[in-house]
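Peer 1: Sharing data.txt (compact mmCIF, C-alpha atoms) below.
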# COMPACT_ATOMS: atom_id res chain seq x y z
CA MET A 1 -54.39 -38.85 31.59
CA ALA A 2 -55.63 -37.47 28.30
CA ALA A 3 -54.76 -33.97 29.48
CA GLU A 4 -51.22 -35.04 30.30
CA ASP A 5 -50.83 -36.62 26.84
CA THR A 6 -52.13 -33.46 25.23
CA ALA A 7 -49.71 -31.31 27.23
CA SER A 8 -46.74 -33.51 26.37
CA THR A 9 -47.75 -33.47 22.73
CA ARG A 10 -47.90 -29.70 22.72
CA LEU A 11 -44.53 -29.50 24.50
CA GLY A 12 -42.94 -31.78 21.93
CA ALA A 13 -44.43 -29.76 19.10
CA GLY A 14 -43.13 -26.56 20.68
CA ARG A 15 -39.65 -28.03 20.92
CA GLN A 16 -39.81 -29.09 17.30
CA HIS A 17 -40.71 -25.52 16.32
CA LEU A 18 -37.83 -24.13 18.43
CA ARG A 19 -35.20 -26.32 16.78
CA PRO A 20 -35.35 -24.57 13.38
CA LEU A 21 -35.25 -21.19 15.15
CA LYS A 22 -32.15 -22.19 17.09
CA ARG A 23 -30.55 -23.48 13.93
CA ARG A 24 -31.28 -20.23 12.11
CA GLY A 25 -29.92 -18.26 15.05
CA LEU A 26 -26.67 -20.23 14.98
CA VAL A 27 -26.31 -19.74 11.25
CA LEU A 28 -26.96 -16.01 11.59
CA LEU A 29 -24.40 -15.82 14.39
CA ARG A 30 -21.81 -17.59 12.26
CA LEU A 31 -22.44 -15.30 9.30
CA THR A 32 -22.15 -12.23 11.54
CA ALA A 33 -18.87 -13.51 12.98
CA ILE A 34 -17.46 -14.07 9.47
CA VAL A 35 -18.47 -10.57 8.36
CA PHE A 36 -16.94 -9.03 11.47
CA ALA A 37 -13.70 -10.98 11.04
CA VAL A 38 -13.35 -9.96 7.37
CA LEU A 39 -14.02 -6.30 8.19
CA LEU A 40 -11.54 -6.38 11.06
CA PHE A 41 -8.86 -7.86 8.83
CA CYS A 42 -9.40 -5.67 5.76
CA GLU A 43 -9.94 -2.36 7.57
CA PHE A 44 -7.54 -2.65 10.51
CA LEU A 45 -5.29 -5.67 10.85
CA ILE A 46 -3.92 -5.70 7.31
CA TYR A 47 -2.32 -2.29 7.84
CA TYR A 48 -0.47 -3.50 10.92
CA LEU A 49 0.62 -6.72 9.22
CA VAL A 50 2.01 -4.88 6.17
CA ILE A 51 3.59 -1.80 7.79
CA PHE A 52 5.06 -3.87 10.64
CA ARG A 53 7.56 -5.24 8.11
CA CYS A 54 8.98 -1.74 7.50
CA SER A 55 11.95 -0.48 9.51
CA TRP A 56 14.14 2.60 9.59
CA PRO A 57 17.27 2.29 7.45
CA ALA A 58 20.62 2.41 9.19
CA VAL A 59 22.71 5.48 8.46
CA LYS A 60 26.47 5.65 8.78
CA THR A 61 27.88 8.05 11.37
CA PRO A 62 31.49 8.97 12.19
CA ALA A 63 31.19 6.80 15.31
CA ASP A 64 30.34 3.79 13.14
CA ALA A 65 33.48 4.38 11.10
CA GLY A 66 35.64 4.29 14.23
CA GLY A 67 35.79 8.04 14.62
CA LEU A 68 35.97 9.84 17.92
CA GLY A 69 33.61 12.38 19.36
CA THR A 70 29.87 12.60 19.90
CA PRO A 71 27.80 10.64 17.38
CA GLU A 72 25.64 12.75 15.10
CA PRO A 73 21.94 12.84 15.99
CA VAL A 74 19.74 10.94 13.56
CA LEU A 75 16.45 12.45 12.43
CA ARG A 76 13.68 10.05 11.44
CA ALA A 77 11.71 11.68 8.63
CA MET A 78 8.74 10.33 6.72
CA PHE A 79 8.08 11.57 3.16
CA LEU A 80 4.76 11.06 1.40
CA ALA A 81 3.17 12.71 -1.62
CA ASP A 82 -0.04 13.32 -3.56
CA THR A 83 -2.68 12.51 -0.98
CA HIS A 84 -5.33 14.26 -3.15
CA LEU A 85 -8.11 14.66 -0.60
CA LEU A 86 -11.26 14.87 -2.71
CA GLY A 87 -13.35 18.02 -2.64
CA ALA A 88 -16.99 18.99 -2.92
CA VAL A 89 -17.08 19.26 -6.73
CA GLY A 90 -15.54 16.12 -8.17
CA GLY A 91 -15.46 13.83 -5.16
CA HIS A 92 -18.09 11.10 -4.86
CA TRP A 93 -19.01 10.36 -1.23
CA LEU A 94 -18.15 6.65 -1.56
CA ASP A 95 -14.80 7.44 -3.17
CA LYS A 96 -14.07 9.91 -0.36
CA LEU A 97 -15.02 7.41 2.31
CA ARG A 98 -12.95 4.57 0.89
CA ARG A 99 -9.80 6.47 -0.04
CA GLU A 100 -9.70 8.70 3.02
CA TRP A 101 -10.25 5.77 5.36
CA GLN A 102 -7.36 3.96 3.65
CA MET A 103 -5.04 6.95 4.10
CA GLU A 104 -6.14 7.50 7.69
CA ARG A 105 -5.55 3.89 8.70
CA ALA A 106 -2.22 3.75 6.85
CA PHE A 107 -0.97 7.03 8.33
CA GLN A 108 -2.10 6.32 11.89
CA THR A 109 -0.67 2.80 11.78
CA ALA A 110 2.68 4.06 10.45
CA LEU A 111 2.70 6.80 13.08
CA TRP A 112 2.13 4.28 15.88
CA LEU A 113 4.53 1.60 14.63
CA LEU A 114 7.37 3.70 13.22
CA GLN A 115 7.35 6.79 15.49
CA PRO A 116 8.68 9.40 13.00
CA GLU A 117 9.85 12.77 14.27
CA VAL A 118 8.86 14.83 11.24
CA ILE A 119 6.52 14.20 8.31
CA PHE A 120 6.75 15.96 4.94
CA ILE A 121 3.97 15.94 2.34
CA LEU A 122 5.34 16.78 -1.09
CA GLY A 123 2.40 18.62 -2.61
CA ASP A 124 -1.11 17.95 -3.95
CA VAL A 125 -2.40 17.58 -0.43
CA PHE A 126 -5.87 18.48 -1.70
CA ASP A 127 -7.46 17.60 -5.01
CA GLU A 128 -9.60 20.72 -5.54
CA GLY A 129 -7.65 23.46 -3.75
CA LYS A 130 -7.11 25.20 -7.06
CA TRP A 131 -10.81 26.09 -7.38
CA SER A 132 -12.50 25.34 -4.04
CA SER A 133 -14.52 28.03 -2.29
CA SER A 134 -13.69 29.29 1.20
CA GLN A 135 -16.25 26.98 2.79
CA ALA A 136 -15.17 23.95 0.76
CA TRP A 137 -11.54 24.71 1.61
CA ALA A 138 -12.36 24.87 5.32
CA ASP A 139 -14.17 21.51 5.09
CA ASP A 140 -11.23 19.93 3.26
CA VAL A 141 -8.76 21.26 5.83
CA GLY A 142 -10.88 19.86 8.68
CA ARG A 143 -10.91 16.43 7.06
CA PHE A 144 -7.19 16.62 6.48
CA TRP A 145 -6.39 17.21 10.15
CA LYS A 146 -8.71 14.37 11.11
CA ILE A 147 -6.91 11.95 8.80
CA PHE A 148 -3.38 13.16 9.50
CA ARG A 149 -3.71 13.94 13.20
CA HIS A 150 -0.48 13.51 15.10
CA PRO A 151 1.01 14.13 18.57
CA PRO A 152 2.39 17.61 19.35
CA HIS A 153 5.98 16.40 19.41
CA VAL A 154 5.72 15.25 15.76
CA GLN A 155 6.02 17.98 13.15
CA LEU A 156 4.06 17.89 9.88
CA ARG A 157 5.03 20.16 6.99
CA ALA A 158 3.88 20.38 3.40
CA VAL A 159 4.83 22.07 0.14
CA ALA A 160 2.25 23.35 -2.33
CA GLY A 161 1.32 21.42 -5.44
CA ASN A 162 -0.59 22.35 -8.57
CA HIS A 163 -3.82 20.89 -7.14
CA ASP A 164 -3.40 22.98 -3.97
CA ILE A 165 -2.89 26.41 -5.57
CA GLY A 166 -3.32 25.73 -9.30
CA PHE A 167 -0.82 25.75 -12.13
CA HIS A 168 1.01 28.94 -12.94
CA TYR A 169 -1.92 30.42 -14.88
CA GLN A 170 -4.36 29.56 -12.02
CA MET A 171 -2.40 30.42 -8.89
CA ASN A 172 -2.70 33.74 -7.10
CA THR A 173 -1.55 35.29 -3.85
CA TYR A 174 -4.84 34.46 -2.11
CA LYS A 175 -4.53 30.72 -2.79
CA ILE A 176 -0.87 30.67 -1.73
CA LYS A 177 -1.57 32.51 1.52
CA ARG A 178 -4.55 30.25 2.19
CA PHE A 179 -2.31 27.20 1.85
CA GLU A 180 0.47 28.72 3.96
CA LYS A 181 -2.01 29.56 6.71
CA VAL A 182 -2.71 25.85 7.14
CA PHE A 183 0.89 24.73 6.74
CA ASN A 184 3.94 26.55 8.01
CA PRO A 185 5.07 29.06 5.36
CA GLU A 186 8.70 28.72 6.42
CA ARG A 187 10.81 27.84 3.40
CA LEU A 188 13.96 26.94 5.34
CA PHE A 189 13.57 24.42 8.13
CA SER A 190 16.49 23.22 10.25
CA TRP A 191 16.45 20.45 12.84
CA LYS A 192 19.22 18.37 14.40
CA GLY A 193 21.80 20.11 12.25
CA ILE A 194 19.91 19.27 9.01
CA ASN A 195 18.66 21.92 6.57
CA PHE A 196 15.47 21.35 4.57
CA VAL A 197 14.52 23.78 1.80
CA MET A 198 10.81 23.67 0.89
CA VAL A 199 10.28 25.06 -2.60
CA ASN A 200 7.09 26.34 -4.21
CA SER A 201 7.94 24.67 -7.52
CA VAL A 202 4.69 25.84 -9.15
CA ALA A 203 6.04 29.41 -8.97
CA LEU A 204 9.26 28.57 -10.84
CA GLU A 205 7.77 29.39 -14.21
CA GLY A 206 10.58 31.77 -15.14
CA ASP A 207 8.35 34.42 -16.75
CA SER A 208 9.08 37.17 -14.18
CA CYS A 209 5.54 37.32 -12.85
CA ASP A 210 5.19 38.90 -9.41
CA ILE A 211 4.77 35.57 -7.60
CA CYS A 212 7.58 33.96 -9.62
CA SER A 213 9.98 36.85 -9.01
CA GLY A 214 9.19 36.76 -5.31
CA ALA A 215 9.81 33.01 -5.15
CA GLU A 216 13.17 33.33 -6.89
CA ALA A 217 14.22 36.22 -4.64
CA GLU A 218 13.34 34.11 -1.61
CA LEU A 219 15.43 31.21 -2.90
CA LEU A 220 18.40 33.53 -3.54
CA GLU A 221 18.17 34.73 0.05
CA ILE A 222 18.14 31.13 1.31
CA SER A 223 21.10 30.36 -0.96
CA HIS A 224 23.02 33.25 0.57
CA ARG A 225 22.31 32.05 4.09
CA LEU A 226 23.36 28.49 3.26
CA ASN A 227 26.58 29.69 1.68
CA CYS A 228 27.33 31.74 4.77
CA SER A 229 26.82 28.70 6.97
CA ARG A 230 29.28 26.73 4.87
CA GLU A 231 31.89 29.46 4.59
CA GLN A 232 31.29 31.49 7.75
CA GLU A 233 34.88 31.07 8.89
CA HIS A 234 36.25 32.41 5.59
CA ARG A 235 33.79 35.27 4.95
CA PRO A 236 32.48 36.49 8.33
CA GLN A 237 31.93 40.08 7.18
CA GLU A 238 29.65 39.18 4.26
CA CYS A 239 27.35 37.11 6.45
CA GLY A 240 26.89 39.73 9.15
CA ASP A 241 25.17 39.01 12.44
CA ARG A 242 22.23 37.05 11.05
CA GLN A 243 21.31 33.74 12.61
CA ARG A 244 23.68 31.08 11.47
CA LEU A 245 22.45 27.84 9.94
CA PRO A 246 24.01 24.40 10.38
CA ALA A 247 26.93 23.93 8.01
CA SER A 248 25.15 21.14 6.17
CA ALA A 249 24.19 20.72 2.53
CA PRO A 250 20.40 21.03 2.33
CA ILE A 251 17.73 18.51 1.37
CA LEU A 252 15.43 19.93 -1.29
CA LEU A 253 11.68 19.23 -1.01
CA GLN A 254 9.28 20.18 -3.83
CA HIS A 255 6.25 19.01 -5.75
CA PHE A 256 7.44 19.10 -9.37
CA PRO A 257 10.45 16.90 -10.11
CA LEU A 258 13.58 18.41 -11.58
CA TYR A 259 13.78 18.26 -15.34
CA ARG A 260 14.03 14.86 -16.97
CA ARG A 261 12.89 13.70 -20.37
CA ASN A 262 10.62 10.90 -19.18
CA ASP A 263 10.50 7.96 -16.78
CA ALA A 264 12.20 5.54 -19.17
CA ASN A 265 15.08 4.89 -16.77
CA CYS A 266 12.82 4.40 -13.73
CA SER A 267 12.44 0.87 -12.41
CA GLY A 268 10.68 -1.01 -9.66
CA GLU A 269 7.21 -2.39 -9.07
CA ASP A 270 5.82 1.09 -8.34
CA ALA A 271 7.45 2.81 -11.32
CA ALA A 272 5.37 4.17 -14.17
CA SER A 273 3.64 1.64 -16.40
CA PRO A 274 5.29 0.68 -19.72
CA ASP A 275 2.68 2.78 -21.55
CA GLU A 276 3.64 5.90 -19.59
CA LYS A 277 7.39 5.45 -19.20
CA TYR A 278 8.34 6.73 -22.61
CA THR A 279 5.87 9.61 -22.78
CA PRO A 280 7.93 12.83 -23.00
CA PHE A 281 7.60 15.17 -20.04
CA LYS A 282 6.35 18.69 -20.73
CA GLU A 283 8.47 21.34 -19.05
CA ARG A 284 6.60 23.42 -16.44
CA TYR A 285 3.79 20.84 -16.46
CA ASP A 286 5.18 17.36 -15.79
CA ALA A 287 8.53 18.61 -14.50
CA LEU A 288 10.42 21.83 -13.93
CA SER A 289 12.08 23.47 -16.88
CA GLN A 290 15.74 22.87 -17.55
CA GLU A 291 16.52 26.46 -16.60
CA ALA A 292 14.69 26.29 -13.26
CA SER A 293 16.32 22.94 -12.46
CA ARG A 294 19.79 24.33 -13.13
CA LYS A 295 19.08 27.35 -10.92
CA LEU A 296 17.96 25.21 -7.98
CA LEU A 297 20.99 22.93 -8.22
CA TRP A 298 23.36 25.87 -8.58
CA TRP A 299 21.86 28.13 -5.92
CA LEU A 300 21.18 25.57 -3.22
CA ARG A 301 23.72 22.80 -3.96
CA PRO A 302 21.54 20.12 -2.33
CA ARG A 303 22.73 16.65 -1.39
CA LEU A 304 19.29 15.08 -1.91
CA VAL A 305 16.06 16.04 -3.71
CA LEU A 306 12.63 14.57 -2.98
CA SER A 307 9.64 15.31 -5.21
CA GLY A 308 6.13 14.07 -6.05
CA HIS A 309 3.63 14.90 -8.81
CA THR A 310 4.14 11.85 -11.08
CA HIS A 311 2.38 9.41 -8.68
CA SER A 312 5.11 6.88 -9.55
CA ALA A 313 8.51 6.03 -8.15
CA CYS A 314 11.76 7.04 -9.77
CA GLU A 315 15.39 7.66 -8.87
CA VAL A 316 17.43 10.08 -10.96
CA LEU A 317 21.02 11.16 -10.51
CA HIS A 318 21.68 14.81 -11.36
CA GLY A 319 25.28 15.60 -12.06
CA ALA A 320 27.76 13.43 -10.23
CA ASP A 321 26.23 13.00 -6.82
CA VAL A 322 22.79 14.64 -6.38
CA LEU A 323 20.12 11.97 -6.07
CA GLU A 324 16.47 12.80 -6.72
CA VAL A 325 13.77 10.46 -5.45
CA SER A 326 10.23 10.79 -6.81
CA VAL A 327 7.85 9.62 -4.10
CA PRO A 328 4.76 7.64 -5.27
CA SER A 329 1.25 8.65 -4.33
CA PHE A 330 0.00 7.76 -0.85
CA SER A 331 -3.57 7.12 -2.02
CA TRP A 332 -5.35 4.14 -3.56
CA ARG A 333 -7.03 6.63 -5.86
CA ASN A 334 -3.78 7.03 -7.79
CA ARG A 335 -2.05 3.67 -7.25
CA ASN A 336 -2.91 0.09 -6.45
CA ASN A 337 0.34 -0.12 -4.45
CA PRO A 338 0.89 3.20 -2.63
CA SER A 339 3.96 3.75 -0.47
CA PHE A 340 6.02 6.33 1.37
CA ILE A 341 9.71 6.95 2.01
CA MET A 342 11.43 6.57 5.37
CA GLY A 343 14.63 8.55 5.86
CA SER A 344 17.29 8.34 8.55
CA VAL A 345 19.14 11.63 8.18
CA THR A 346 22.15 13.21 9.87
CA ALA A 347 23.99 16.46 9.10
CA THR A 348 26.29 14.67 6.68
CA GLU A 349 24.65 11.37 5.69
CA TYR A 350 21.26 9.91 4.86
CA ALA A 351 19.70 6.51 4.22
CA LEU A 352 16.32 5.91 2.59
CA ALA A 353 13.90 2.98 2.61
CA LYS A 354 10.48 2.48 1.04
CA CYS A 355 7.47 1.25 2.98
CA TYR A 356 4.58 -0.19 0.97
CA LEU A 357 0.97 0.03 2.05
CA PRO A 358 -1.58 -2.78 1.54
CA TYR A 359 -2.48 -3.36 -2.09
CA GLU A 360 -6.02 -2.36 -2.95
CA ASP A 361 -6.65 -5.45 -5.08
CA THR A 362 -5.67 -7.66 -2.12
CA VAL A 363 -8.38 -6.08 0.00
CA LEU A 364 -10.96 -6.28 -2.81
CA THR A 365 -10.11 -9.94 -3.49
CA THR A 366 -10.55 -10.74 0.20
CA TYR A 367 -13.96 -9.07 0.23
CA CYS A 368 -15.10 -10.86 -2.94
CA THR A 369 -13.96 -14.25 -1.65
CA ALA A 370 -15.71 -13.68 1.67
CA ALA A 371 -18.91 -12.54 -0.09
CA GLY A 372 -18.91 -15.65 -2.25
CA GLY A 373 -18.45 -17.84 0.81
CA LEU A 374 -21.33 -16.11 2.62
CA VAL A 375 -23.65 -16.58 -0.35
CA LEU A 376 -22.74 -20.27 -0.54
CA LEU A 377 -23.33 -20.80 3.18
CA THR A 378 -26.71 -19.09 2.94
CA LEU A 379 -27.78 -21.24 -0.01
CA VAL A 380 -26.64 -24.42 1.77
CA HIS A 381 -28.62 -23.49 4.87
CA ALA A 382 -31.70 -22.77 2.77
CA GLY A 383 -31.37 -26.19 1.15
CA LEU A 384 -30.99 -24.76 -2.33
CA VAL A 385 -27.46 -26.11 -2.73
CA ALA A 386 -25.95 -29.28 -1.34
CA SER A 387 -23.22 -28.75 1.19
CA PRO A 388 -19.85 -29.03 -0.52
CA PHE A 389 -18.59 -31.12 2.40
CA HIS A 390 -21.46 -33.60 2.13
CA PHE A 391 -21.12 -33.63 -1.63
CA GLY A 392 -17.41 -34.39 -1.37
CA TRP A 393 -18.01 -37.09 1.25
CA ASN A 394 -20.69 -38.78 -0.87
CA MET A 395 -18.43 -38.73 -3.90
CA LEU A 396 -15.63 -40.27 -1.85
CA ARG A 397 -17.92 -43.05 -0.57
CA LYS A 398 -19.22 -43.71 -4.06
CA PHE A 399 -15.68 -43.95 -5.34
CA LYS A 400 -14.74 -46.45 -2.63
CA THR A 401 -17.78 -48.71 -3.20
CA THR A 402 -17.56 -48.76 -7.00
CA PRO A 403 -15.70 -51.88 -8.28
CA ASP A 404 -12.51 -51.26 -10.10
CA THR A 405 -13.22 -52.12 -13.69
CA SER A 406 -9.75 -51.29 -14.80
CA LEU A 407 -8.63 -54.78 -13.82
CA GLU A 408 -10.68 -57.20 -15.95
CA PRO A 409 -11.35 -60.73 -14.57
CA LEU A 410 -9.54 -63.64 -16.14
CA SER A 411 -11.43 -64.86 -19.18
CA PHE A 412 -11.54 -68.48 -20.11
CA SER A 413 -13.20 -67.96 -23.44
CA HIS A 414 -10.12 -69.14 -25.29
CA CYS A 415 -9.50 -72.20 -23.12
CA SER A 416 -11.32 -75.48 -23.64
CA PHE A 417 -10.97 -78.15 -21.03
CA THR A 418 -13.02 -80.77 -19.25
CA MET A 419 -13.13 -81.20 -15.51
CA ARG A 420 -12.73 -84.85 -14.55
CA PRO A 421 -12.87 -86.46 -11.16
CA VAL A 422 -9.48 -87.31 -9.73
CA VAL A 423 -8.80 -90.45 -7.79
CA LYS A 424 -6.04 -90.06 -5.34
CA LEU A 425 -3.72 -93.01 -4.77
CA SER A 426 -0.89 -93.43 -2.46
CA GLY A 427 2.38 -91.94 -3.43
CA SER A 428 2.65 -89.30 -6.11
CA LYS A 429 0.58 -90.92 -8.84
CA THR A 430 -2.50 -89.36 -10.31
CA LEU A 431 -5.21 -90.93 -12.40
CA THR A 432 -8.19 -89.55 -14.21
CA LYS A 433 -11.58 -91.10 -14.62
CA GLY A 434 -14.07 -89.96 -17.16
CA MET A 435 -15.06 -89.86 -20.72
CA GLY A 436 -13.82 -88.14 -23.74
CA ASP A 437 -10.49 -87.37 -25.19
CA LEU A 438 -7.51 -85.79 -23.59
CA GLY A 439 -8.53 -83.95 -20.37
CA LYS A 440 -6.75 -81.77 -17.99
CA VAL A 441 -5.03 -83.62 -15.19
CA PHE A 442 -4.77 -81.99 -11.78
CA LYS A 443 -1.87 -83.30 -9.84
CA LEU A 444 -2.42 -83.77 -6.14
CA PRO A 445 0.29 -83.30 -3.62
CA ASP A 446 1.84 -86.21 -1.83
CA ASN A 447 0.72 -87.08 1.63
Any chance you could put this one into structure tokens?
Peer 2:
Amino acid sequence: MAAEDTASTRLGAGRQHLRPLKRRGLVLLRLTAIVFAVLLFCEFLIYYLVIFRCSWPAVKTPADAGGLGTPEPVLRAMFLADTHLLGAVGGHWLDKLRREWQMERAFQTALWLLQPEVIFILGDVFDEGKWSSSQAWADDVGRFWKIFRHPPHVQLRAVAGNHDIGFHYQMNTYKIKRFEKVFNPERLFSWKGINFVMVNSVALEGDSCDICSGAEAELLEISHRLNCSREQEHRPQECGDRQRLPASAPILLQHFPLYRRNDANCSGEDAASPDEKYTPFKERYDALSQEASRKLLWWLRPRLVLSGHTHSACEVLHGADVLEVSVPSFSWRNRNNPSFIMGSVTATEYALAKCYLPYEDTVLTTYCTAAGGLVLLTLVHAGLVASPFHFGWNMLRKFKTTPDTSLEPLSFSHCSFTMRPVVKLSGSKTLTKGMGDLGKVFKLPDN
């Protein structure tokens, strides 16, 4: 009997020891689930929730206007700029990890949800291309194709920026060829009857250097071909037997924006900050020179210009009808609210829409809130802090049980009266019995 009591006592003690362990295990499981849910939301789901709201803009076609004939094919093009993949010299590993993961998730989510046909990157693809070694360049290129991987039927093209090949005084033929080996060197790209001209704007210095002269000669040749496509019926002999281009005004893609004084007339939530808007632009550094801008507009006669470099959004009208759109940076490293441009383009028309990516401060605020909640739960479990639910419940109970002192009881301190016995008689008469002077008479109801 004593042995059985001892065994039951030990069993009860063992169960008592297991209860705290089970409780700790449940708490640990809850904390792990919260951490997993926050990571899933901030690193995956938020990109789908934000980019899902974006849609391709509708573009007018002759068929929409009641015209006859085959409707023009619409090309879905995505334009992004200034990805600035960090290099081996100035890039901290944590900065690389955070920013590159953000761009990878944003790009892959947009690719899956929006299904673009062609993607253009408007320069400054890399941050340290202007001085990186051959090995560092190869590493950067490998990371780029990992982040911006895409199906074979989707084309990706890029123009060179000052961070890819250096400014005019830093660039050389080796850096340009190295960039063009990764990205198609073709300057004139035509698809679905639409002409895109991809300009090396860094080379438009106008000082007759070998690279600059070659770039201008190449643009003059493209201008001649475009003019032939527009006027091939009127001047067939001048154009010869060369391959004909679609008779469509081109879309100009470059890194540096065309000349403008500053961003004072730019508006929108992703425009330059008020401190930067009125800062004058330096020609050949912040924007192309006036001379180079005039040459491009005169030689190519574009219907639309898209550029990068400023990291901020802007829309500028050149002349009467040539719109230039400066595309903001695609990276959190340059903007809290990065974005890209979606274009529905035909041979004669275009429509543009902007798609914002998740804000960096939204993600950081979510992480900070979750971290604070985890710390509070841990302290409550350890008994160092009272549970806020229990604390609130106890305060509510205390409030309910506390008498309301706002309503004071009736005070008789200013009333002086004597209670006297009342003798009830028949009818409605009342009498008082007692001593003293005038007393208070209580009238009794009739029977």
Peer 1: Between atom CA of A:His84 and atom CA of A:Ser329, what distance in Å does the model show, to one decimal?
Peer 2: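 Result for atom CA of A:His84 versus atom CA of A:Ser329: 8.7 Å, one decimal.
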Peer 1: Report, as JSON, the centre and edge lengths in Å (one decimal) of the axis-aligned box enclosing every listed atom of stretch 172-179 of chain A, padded by 5 Å on each side.
Peer 2:
{"center_x": -2.9, "center_y": 31.2, "center_z": -2.5, "size_x": 14.0, "size_y": 18.1, "size_z": 19.3}
Peer 1: Just want the 10 Å neighbourhood of A:Arg335, counted on all atoms listed in the file, with same-chain residues fewer than 3 positions away dropped. Output as a list in words.
Peer 2: Asp270, His311, Ser312, Pro328, Ser329, Phe330, Ser331, Trp332, Pro338, Ser339, Tyr359 and Glu360 of chain A
Peer 1: Within 9 Å of stretch 347-358 of chain A, counting all atoms listed in the file, which residues qualify if same-chain residues fewer than 5 places away don't, as a PyMOL selection string?
Peer 2: chain A and resi 46-47+49-51+53-61+72-74+106+192-195+246-250+304+330+336-342+363
Peer 1: Residues as selected, C-alpha atoms, written as an mmCIF file, in the coordinates of the input, can you do that?
Peer 2:
data_model
loop_
_atom_site.group_PDB
_atom_site.id
_atom_site.type_symbol
_atom_site.label_atom_id
_atom_site.label_comp_id
_atom_site.auth_asym_id
_atom_site.auth_seq_id
_atom_site.Cartn_x
_atom_site.Cartn_y
_atom_site.Cartn_z
ATOM 1 C CA ILE A 46 -3.920 -5.700 7.310
ATOM 2 C CA TYR A 47 -2.320 -2.290 7.840
ATOM 3 C CA LEU A 49 0.620 -6.720 9.220
ATOM 4 C CA VAL A 50 2.010 -4.880 6.170
ATOM 5 C CA ILE A 51 3.590 -1.800 7.790
ATOM 6 C CA ARG A 53 7.560 -5.240 8.110
ATOM 7 C CA CYS A 54 8.980 -1.740 7.500
ATOM 8 C CA SER A 55 11.950 -0.480 9.510
ATOM 9 C CA TRP A 56 14.140 2.600 9.590
ATOM 10 C CA PRO A 57 17.270 2.290 7.450
ATOM 11 C CA ALA A 58 20.620 2.410 9.190
ATOM 12 C CA VAL A 59 22.710 5.480 8.460
ATOM 13 C CA LYS A 60 26.470 5.650 8.780
ATOM 14 C CA THR A 61 27.880 8.050 11.370
ATOM 15 C CA GLU A 72 25.640 12.750 15.100
ATOM 16 C CA PRO A 73 21.940 12.840 15.990
ATOM 17 C CA VAL A 74 19.740 10.940 13.560
ATOM 18 C CA ALA A 106 -2.220 3.750 6.850
ATOM 19 C CA LYS A 192 19.220 18.370 14.400
ATOM 20 C CA GLY A 193 21.800 20.110 12.250
ATOM 21 C CA ILE A 194 19.910 19.270 9.010
ATOM 22 C CA ASN A 195 18.660 21.920 6.570
ATOM 23 C CA PRO A 246 24.010 24.400 10.380
ATOM 24 C CA ALA A 247 26.930 23.930 8.010
ATOM 25 C CA SER A 248 25.150 21.140 6.170
ATOM 26 C CA ALA A 249 24.190 20.720 2.530
ATOM 27 C CA PRO A 250 20.400 21.030 2.330
ATOM 28 C CA LEU A 304 19.290 15.080 -1.910
ATOM 29 C CA PHE A 330 0.000 7.760 -0.850
ATOM 30 C CA ASN A 336 -2.910 0.090 -6.450
ATOM 31 C CA ASN A 337 0.340 -0.120 -4.450
ATOM 32 C CA PRO A 338 0.890 3.200 -2.630
ATOM 33 C CA SER A 339 3.960 3.750 -0.470
ATOM 34 C CA PHE A 340 6.020 6.330 1.370
ATOM 35 C CA ILE A 341 9.710 6.950 2.010
ATOM 36 C CA MET A 342 11.430 6.570 5.370
ATOM 37 C CA VAL A 363 -8.380 -6.080 0.000
#
Peer 1: I need every residue sitting at most 9 Å from the point (13.6, 7.6, -18.9) (coordinates as in the file, all atoms listed in the file considered), written as a ChimeraX atom specification.
Peer 2: /A:260-266,277-280
Peer 1: How many Å lie between atom CA of A:Phe79 and atom CA of A:Ser273, rounded to one decimal?
Peer 2: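 Result for atom CA of A:Phe79 versus atom CA of A:Ser273: 22.4 Å, one decimal.
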Peer 1: Which distance in Å separates atom CA of A:Asp286 and atom CA of A:Phe256, to one decimal?
Peer 2: 7.0 Å
Peer 1: Tell me, as a VMD selection string, which residues lie within 8 Å of A:Arg225, counting all atoms listed in the file; anything in the same chain fewer than 3 positions away does not count.
Peer 2: chain A and resid 221 to 222 228 to 229 239 244 to 245
Peer 1: Dump C-alpha atoms for the selected residues as a tab-separated table (two decimals), in the coordinates of the input?
Peer 2:
chain	number	residue	atom	x	y	z
A	221	GLU	CA	18.17	34.73	0.05
A	222	ILE	CA	18.14	31.13	1.31
A	228	CYS	CA	27.33	31.74	4.77
A	229	SER	CA	26.82	28.70	6.97
A	239	CYS	CA	27.35	37.11	6.45
A	244	ARG	CA	23.68	31.08	11.47
A	245	LEU	CA	22.45	27.84	9.94
Peer 1: Compile a residue-level contact table for stretch 127-187 of chain A against stretch 95-101 of chain A at a cut-off of 10 Å, reporting for every qualifying residue the shortest atom pair and its distance in Å to one decimal, with all atoms listed in the file counted, rows ordered by chain and ascending number, as a tab-separated table.
Peer 2:
residue	atom	partner	partner_atom	distance
A:Arg143	CA	A:Glu100	CA	8.8
A:Phe144	CA	A:Glu100	CA	9.0
A:Lys146	CA	A:Glu100	CA	9.9
A:Ile147	CA	A:Glu100	CA	7.2
Peer 1: Restricting the calculation to only C-alpha atoms: of A:Gly343, A:Leu296, A:Glu283, A:Trp145, which residue gets closest to A:Ile119?
Peer 2: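 For A:Ile119, the nearest of the candidates is A:Gly343.
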Peer 1: Identify which of the residues A:Ala292, A:Leu31, A:Leu188, A:Ala271 lies closest to A:Thr378, counting only C-alpha atoms when measuring atom-to-atom distances.
Peer 2: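 The answer is A:Leu31, which sits nearest to A:Thr378.
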Peer 1: Hey, what's within 12 Å of A:Val375 if we count only C-alpha atoms and toss same-chain stuff fewer than 6 positions away? As number ranges by chain, please?
Peer 2: A: 31, 34-35, 368-369, 381-382, 384-385
